[in-house]
Amino acid sequence: MAAPRSEAGLPPVTPDGRYLVVRGRLWRRTRPDLAPADRETLVTALMEALNAVKAATAGDADALAGARRAVDAAKRGLGERGPVWWDDGAPDLNRHMARNTPYAAWFADQKDAAG
């Protein structure tokens with residue numbers, strides 16, 4: 001069965017907006033409270049860091065480590081890593097399979113709707 005997709009072809013987002021689901025796995029979304037300019041700056045930094053990781057894999061271990069630290073810093077700034085950005089005490093289920101989480105019934109409904 002194909003993975004569920006939204007009408008726009010984007011991965012489904014959990015009802016609380018905390019995660020998107022890719023190949024059945026939950027991935028934490030960007031903090032919704034980020035100002036658009038801050039989000040844009042962090043996304044640009046992330047793209048540059050990812051490009052630096054790709055370029056550094058040719059052999060410079062120090063450059064690779066620095067690029068990976070830059071990726072981590074950007075992802076933490078976006079809220080995709082590090083402390084959760086919600087404040088209701090719910091656990092972080094990042095990288096868990098949706099079927100093994102409290103989102104299981106919702107995810108099953110998404111798969112059923114995808115046909």
# chains A, B, ... in the order shown; residues from 1 in each chain; ligands from 1
call {"tool": "select_by_dssp", "arguments": {"residues": "segment 9-43 of chain A", "states": "strand (DSSP E or B)", "output": "PDB file with all heavy atoms, in the first residue's frame"}}
result
ATOM      1  N   VAL A  13       0.567  15.375   8.311  1.00  0.00           N
ATOM      2  CA  VAL A  13       0.978  16.009   9.564  1.00  0.00           C
ATOM      3  C   VAL A  13       0.024  15.542  10.648  1.00  0.00           C
ATOM      4  O   VAL A  13      -1.199  15.503  10.442  1.00  0.00           O
ATOM      5  CB  VAL A  13       0.938  17.553   9.425  1.00  0.00           C
ATOM      6  CG1 VAL A  13       1.218  18.235  10.749  1.00  0.00           C
ATOM      7  CG2 VAL A  13       1.932  18.009   8.358  1.00  0.00           C
ATOM      8  N   TYR A  19       4.369  16.549  14.260  1.00  0.00           N
ATOM      9  CA  TYR A  19       5.167  15.654  13.422  1.00  0.00           C
ATOM     10  C   TYR A  19       4.598  15.577  12.018  1.00  0.00           C
ATOM     11  O   TYR A  19       3.406  15.748  11.796  1.00  0.00           O
ATOM     12  CB  TYR A  19       5.157  14.222  13.998  1.00  0.00           C
ATOM     13  CG  TYR A  19       5.642  14.128  15.408  1.00  0.00           C
ATOM     14  CD1 TYR A  19       4.745  14.144  16.469  1.00  0.00           C
ATOM     15  CD2 TYR A  19       6.992  14.029  15.700  1.00  0.00           C
ATOM     16  CE1 TYR A  19       5.187  14.061  17.781  1.00  0.00           C
ATOM     17  CE2 TYR A  19       7.443  13.952  17.004  1.00  0.00           C
ATOM     18  CZ  TYR A  19       6.542  13.974  18.038  1.00  0.00           C
ATOM     19  OH  TYR A  19       6.979  13.895  19.331  1.00  0.00           O
ATOM     20  N   LEU A  20       5.485  15.249  11.085  1.00  0.00           N
ATOM     21  CA  LEU A  20       5.036  14.796   9.777  1.00  0.00           C
ATOM     22  C   LEU A  20       5.455  13.335   9.682  1.00  0.00           C
ATOM     23  O   LEU A  20       6.308  12.874  10.432  1.00  0.00           O
ATOM     24  CB  LEU A  20       5.601  15.651   8.648  1.00  0.00           C
ATOM     25  CG  LEU A  20       7.103  15.851   8.545  1.00  0.00           C
ATOM     26  CD1 LEU A  20       7.723  14.766   7.696  1.00  0.00           C
ATOM     27  CD2 LEU A  20       7.354  17.192   7.887  1.00  0.00           C
ATOM     28  N   VAL A  21       4.812  12.602   8.792  1.00  0.00           N
ATOM     29  CA  VAL A  21       5.052  11.170   8.701  1.00  0.00           C
ATOM     30  C   VAL A  21       5.633  10.862   7.326  1.00  0.00           C
ATOM     31  O   VAL A  21       5.026  11.167   6.302  1.00  0.00           O
ATOM     32  CB  VAL A  21       3.758  10.361   8.917  1.00  0.00           C
ATOM     33  CG1 VAL A  21       4.053   8.862   8.900  1.00  0.00           C
ATOM     34  CG2 VAL A  21       3.084  10.757  10.220  1.00  0.00           C
ATOM     35  N   VAL A  22       6.823  10.267   7.335  1.00  0.00           N
ATOM     36  CA  VAL A  22       7.489   9.861   6.109  1.00  0.00           C
ATOM     37  C   VAL A  22       7.787   8.374   6.221  1.00  0.00           C
ATOM     38  O   VAL A  22       8.455   7.945   7.166  1.00  0.00           O
ATOM     39  CB  VAL A  22       8.791  10.655   5.883  1.00  0.00           C
ATOM     40  CG1 VAL A  22       9.497  10.174   4.618  1.00  0.00           C
ATOM     41  CG2 VAL A  22       8.512  12.148   5.813  1.00  0.00           C
ATOM     42  N   ARG A  25       7.219   6.835   9.574  1.00  0.00           N
ATOM     43  CA  ARG A  25       8.016   7.298  10.715  1.00  0.00           C
ATOM     44  C   ARG A  25       7.695   8.762  11.018  1.00  0.00           C
ATOM     45  O   ARG A  25       7.538   9.575  10.114  1.00  0.00           O
ATOM     46  CB  ARG A  25       9.502   7.147  10.409  1.00  0.00           C
ATOM     47  CG  ARG A  25      10.394   7.373  11.611  1.00  0.00           C
ATOM     48  CD  ARG A  25      11.841   7.006  11.317  1.00  0.00           C
ATOM     49  NE  ARG A  25      12.019   5.637  10.877  1.00  0.00           N
ATOM     50  CZ  ARG A  25      12.160   4.574  11.668  1.00  0.00           C
ATOM     51  NH1 ARG A  25      12.122   4.728  12.980  1.00  0.00           N
ATOM     52  NH2 ARG A  25      12.331   3.373  11.169  1.00  0.00           N
ATOM     53  N   LEU A  26       7.597   9.075  12.318  1.00  0.00           N
ATOM     54  CA  LEU A  26       7.342  10.449  12.755  1.00  0.00           C
ATOM     55  C   LEU A  26       8.640  11.258  12.714  1.00  0.00           C
ATOM     56  O   LEU A  26       9.685  10.784  13.175  1.00  0.00           O
ATOM     57  CB  LEU A  26       6.806  10.459  14.188  1.00  0.00           C
ATOM     58  CG  LEU A  26       5.483   9.731  14.432  1.00  0.00           C
ATOM     59  CD1 LEU A  26       5.191   9.676  15.928  1.00  0.00           C
ATOM     60  CD2 LEU A  26       4.356  10.391  13.682  1.00  0.00           C
ATOM     61  N   TRP A  27       8.541  12.463  12.188  1.00  0.00           N
ATOM     62  CA  TRP A  27       9.669  13.404  12.165  1.00  0.00           C
ATOM     63  C   TRP A  27       9.168  14.726  12.725  1.00  0.00           C
ATOM     64  O   TRP A  27       8.155  15.263  12.267  1.00  0.00           O
ATOM     65  CB  TRP A  27      10.191  13.597  10.740  1.00  0.00           C
ATOM     66  CG  TRP A  27      10.794  12.337  10.216  1.00  0.00           C
ATOM     67  CD1 TRP A  27      10.186  11.395   9.440  1.00  0.00           C
ATOM     68  CD2 TRP A  27      12.121  11.861  10.454  1.00  0.00           C
ATOM     69  NE1 TRP A  27      11.048  10.362   9.181  1.00  0.00           N
ATOM     70  CE2 TRP A  27      12.254  10.621   9.793  1.00  0.00           C
ATOM     71  CE3 TRP A  27      13.208  12.352  11.165  1.00  0.00           C
ATOM     72  CZ2 TRP A  27      13.421   9.871   9.822  1.00  0.00           C
ATOM     73  CZ3 TRP A  27      14.378  11.609  11.191  1.00  0.00           C
ATOM     74  CH2 TRP A  27      14.472  10.390  10.515  1.00  0.00           C
ATOM     75  N   ARG A  28       9.872  15.234  13.733  1.00  0.00           N
ATOM     76  CA  ARG A  28       9.450  16.470  14.382  1.00  0.00           C
ATOM     77  C   ARG A  28       9.462  17.628  13.392  1.00  0.00           C
ATOM     78  O   ARG A  28      10.394  17.797  12.616  1.00  0.00           O
ATOM     79  CB  ARG A  28      10.375  16.788  15.561  1.00  0.00           C
ATOM     80  CG  ARG A  28       9.720  17.760  16.513  1.00  0.00           C
ATOM     81  CD  ARG A  28      10.566  18.261  17.638  1.00  0.00           C
ATOM     82  NE  ARG A  28      11.436  17.329  18.302  1.00  0.00           N
ATOM     83  CZ  ARG A  28      12.404  17.726  19.108  1.00  0.00           C
ATOM     84  NH1 ARG A  28      12.631  18.994  19.333  1.00  0.00           N
ATOM     85  NH2 ARG A  28      13.165  16.839  19.697  1.00  0.00           N
TER      86      ARG A  28
END
call {"tool": "select_by_dssp", "arguments": {"residues": "segment 25-112 of chain A", "states": "helix (DSSP H, G or I)", "output": "number ranges by chain"}}
result
A: 36-56, 61-78, 98-100, 104-112
call {"tool": "write_last_selection", "arguments": {"atoms": "N, CA and C atoms", "output": "short mmCIF file (atom, residue, chain, number, x, y, z; two decimals), in the first residue's frame"}}
result
data_model
loop_
_atom_site.label_atom_id
_atom_site.label_comp_id
_atom_site.auth_asym_id
_atom_site.auth_seq_id
_atom_site.Cartn_x
_atom_site.Cartn_y
_atom_site.Cartn_z
N PRO A 36 8.90 34.28 10.56
CA PRO A 36 9.28 33.88 9.20
C PRO A 36 10.73 34.20 8.84
N ALA A 37 11.22 35.36 9.23
CA ALA A 37 12.60 35.73 8.92
C ALA A 37 13.59 34.82 9.64
N ASP A 38 13.29 34.46 10.89
CA ASP A 38 14.16 33.56 11.64
C ASP A 38 14.16 32.17 11.02
N ARG A 39 12.97 31.73 10.64
CA ARG A 39 12.87 30.42 10.00
C ARG A 39 13.67 30.40 8.71
N GLU A 40 13.53 31.43 7.90
CA GLU A 40 14.26 31.50 6.64
C GLU A 40 15.77 31.49 6.87
N THR A 41 16.23 32.23 7.86
CA THR A 41 17.66 32.27 8.18
C THR A 41 18.16 30.89 8.59
N LEU A 42 17.40 30.21 9.44
CA LEU A 42 17.80 28.88 9.89
C LEU A 42 17.76 27.85 8.77
N VAL A 43 16.76 27.93 7.91
CA VAL A 43 16.68 27.00 6.78
C VAL A 43 17.86 27.23 5.84
N THR A 44 18.20 28.48 5.59
CA THR A 44 19.36 28.78 4.76
C THR A 44 20.63 28.23 5.39
N ALA A 45 20.79 28.41 6.69
CA ALA A 45 21.96 27.87 7.40
C ALA A 45 21.99 26.35 7.31
N LEU A 46 20.84 25.72 7.42
CA LEU A 46 20.77 24.27 7.32
C LEU A 46 21.18 23.80 5.93
N MET A 47 20.68 24.45 4.89
CA MET A 47 21.03 24.05 3.53
C MET A 47 22.53 24.22 3.28
N GLU A 48 23.09 25.32 3.77
CA GLU A 48 24.52 25.55 3.61
C GLU A 48 25.32 24.48 4.37
N ALA A 49 24.88 24.13 5.55
CA ALA A 49 25.57 23.12 6.35
C ALA A 49 25.48 21.75 5.69
N LEU A 50 24.31 21.42 5.14
CA LEU A 50 24.18 20.14 4.45
C LEU A 50 25.09 20.09 3.22
N ASN A 51 25.18 21.18 2.52
CA ASN A 51 26.10 21.24 1.38
C ASN A 51 27.55 21.09 1.85
N ALA A 52 27.87 21.67 3.00
CA ALA A 52 29.22 21.55 3.54
C ALA A 52 29.52 20.11 3.95
N VAL A 53 28.53 19.40 4.48
CA VAL A 53 28.71 17.98 4.81
C VAL A 53 29.03 17.22 3.54
N LYS A 54 28.28 17.46 2.50
CA LYS A 54 28.49 16.76 1.23
C LYS A 54 29.89 17.04 0.69
N ALA A 55 30.31 18.29 0.75
CA ALA A 55 31.62 18.67 0.23
C ALA A 55 32.75 18.12 1.10
N ALA A 56 32.53 18.03 2.39
CA ALA A 56 33.59 17.63 3.32
C ALA A 56 33.81 16.13 3.35
N ALA A 61 38.33 15.44 7.85
CA ALA A 61 37.54 15.06 9.03
C ALA A 61 37.13 16.27 9.85
N ASP A 62 38.00 17.26 9.96
CA ASP A 62 37.66 18.46 10.74
C ASP A 62 36.54 19.25 10.08
N ALA A 63 36.61 19.37 8.76
CA ALA A 63 35.55 20.09 8.03
C ALA A 63 34.23 19.35 8.15
N LEU A 64 34.29 18.02 8.06
CA LEU A 64 33.07 17.22 8.17
C LEU A 64 32.46 17.39 9.56
N ALA A 65 33.27 17.33 10.60
CA ALA A 65 32.76 17.48 11.96
C ALA A 65 32.15 18.87 12.15
N GLY A 66 32.80 19.89 11.63
CA GLY A 66 32.26 21.25 11.73
C GLY A 66 30.95 21.40 10.99
N ALA A 67 30.87 20.81 9.81
CA ALA A 67 29.63 20.87 9.03
C ALA A 67 28.50 20.15 9.74
N ARG A 68 28.81 19.02 10.35
CA ARG A 68 27.77 18.28 11.09
C ARG A 68 27.30 19.06 12.31
N ARG A 69 28.22 19.76 12.97
CA ARG A 69 27.82 20.61 14.10
C ARG A 69 26.91 21.73 13.62
N ALA A 70 27.19 22.28 12.44
CA ALA A 70 26.35 23.35 11.89
C ALA A 70 24.96 22.82 11.54
N VAL A 71 24.87 21.60 11.01
CA VAL A 71 23.57 20.99 10.74
C VAL A 71 22.80 20.84 12.05
N ASP A 72 23.45 20.33 13.07
CA ASP A 72 22.80 20.13 14.36
C ASP A 72 22.31 21.46 14.93
N ALA A 73 23.13 22.49 14.85
CA ALA A 73 22.75 23.80 15.39
C ALA A 73 21.52 24.35 14.66
N ALA A 74 21.49 24.22 13.34
CA ALA A 74 20.34 24.71 12.58
C ALA A 74 19.08 23.92 12.92
N LYS A 75 19.20 22.61 13.01
CA LYS A 75 18.04 21.78 13.34
C LYS A 75 17.54 22.07 14.76
N ARG A 76 18.45 22.32 15.69
CA ARG A 76 18.03 22.69 17.04
C ARG A 76 17.33 24.04 17.03
N GLY A 77 17.85 24.98 16.26
CA GLY A 77 17.20 26.28 16.14
C GLY A 77 15.79 26.19 15.57
N LEU A 78 15.62 25.29 14.61
CA LEU A 78 14.32 25.08 14.01
C LEU A 78 13.36 24.30 14.92
N ALA A 98 4.97 5.50 13.47
CA ALA A 98 3.66 6.03 13.86
C ALA A 98 2.77 4.92 14.41
N ARG A 99 2.86 3.75 13.85
CA ARG A 99 1.98 2.63 14.28
C ARG A 99 2.25 2.19 15.72
N ASN A 100 3.39 2.60 16.29
CA ASN A 100 3.75 2.22 17.66
C ASN A 100 3.61 3.37 18.64
N ALA A 104 -1.23 5.97 16.36
CA ALA A 104 -1.46 4.77 15.55
C ALA A 104 -2.83 4.76 14.87
N ALA A 105 -3.89 5.04 15.60
CA ALA A 105 -5.23 5.01 15.01
C ALA A 105 -5.37 6.09 13.95
N TRP A 106 -4.88 7.28 14.24
CA TRP A 106 -4.91 8.36 13.26
C TRP A 106 -4.15 7.95 12.00
N PHE A 107 -2.95 7.38 12.17
CA PHE A 107 -2.15 6.99 11.02
C PHE A 107 -2.83 5.90 10.20
N ALA A 108 -3.45 4.94 10.87
CA ALA A 108 -4.19 3.89 10.16
C ALA A 108 -5.31 4.51 9.33
N ASP A 109 -5.99 5.51 9.87
CA ASP A 109 -7.03 6.19 9.11
C ASP A 109 -6.46 6.90 7.88
N GLN A 110 -5.25 7.46 8.00
CA GLN A 110 -4.60 8.12 6.88
C GLN A 110 -4.29 7.13 5.77
N LYS A 111 -3.79 5.96 6.17
CA LYS A 111 -3.46 4.92 5.20
C LYS A 111 -4.72 4.42 4.51
N ASP A 112 -5.81 4.25 5.29
CA ASP A 112 -7.08 3.80 4.71
C ASP A 112 -7.62 4.81 3.72
#
call {"tool": "closest_residue", "arguments": {"among": "A:Asp16, A:Tyr103, A:Gly59, A:Ala35", "to": "Asp88 of chain A", "atoms": "only C-alpha atoms"}}
result
A:Asp16
call {"tool": "closest_residue", "arguments": {"among": "A:Asp60, A:Thr30, A:Pro11, A:Arg18", "to": "Pro91 of chain A", "atoms": "only C-alpha atoms"}}
result
A:Arg18
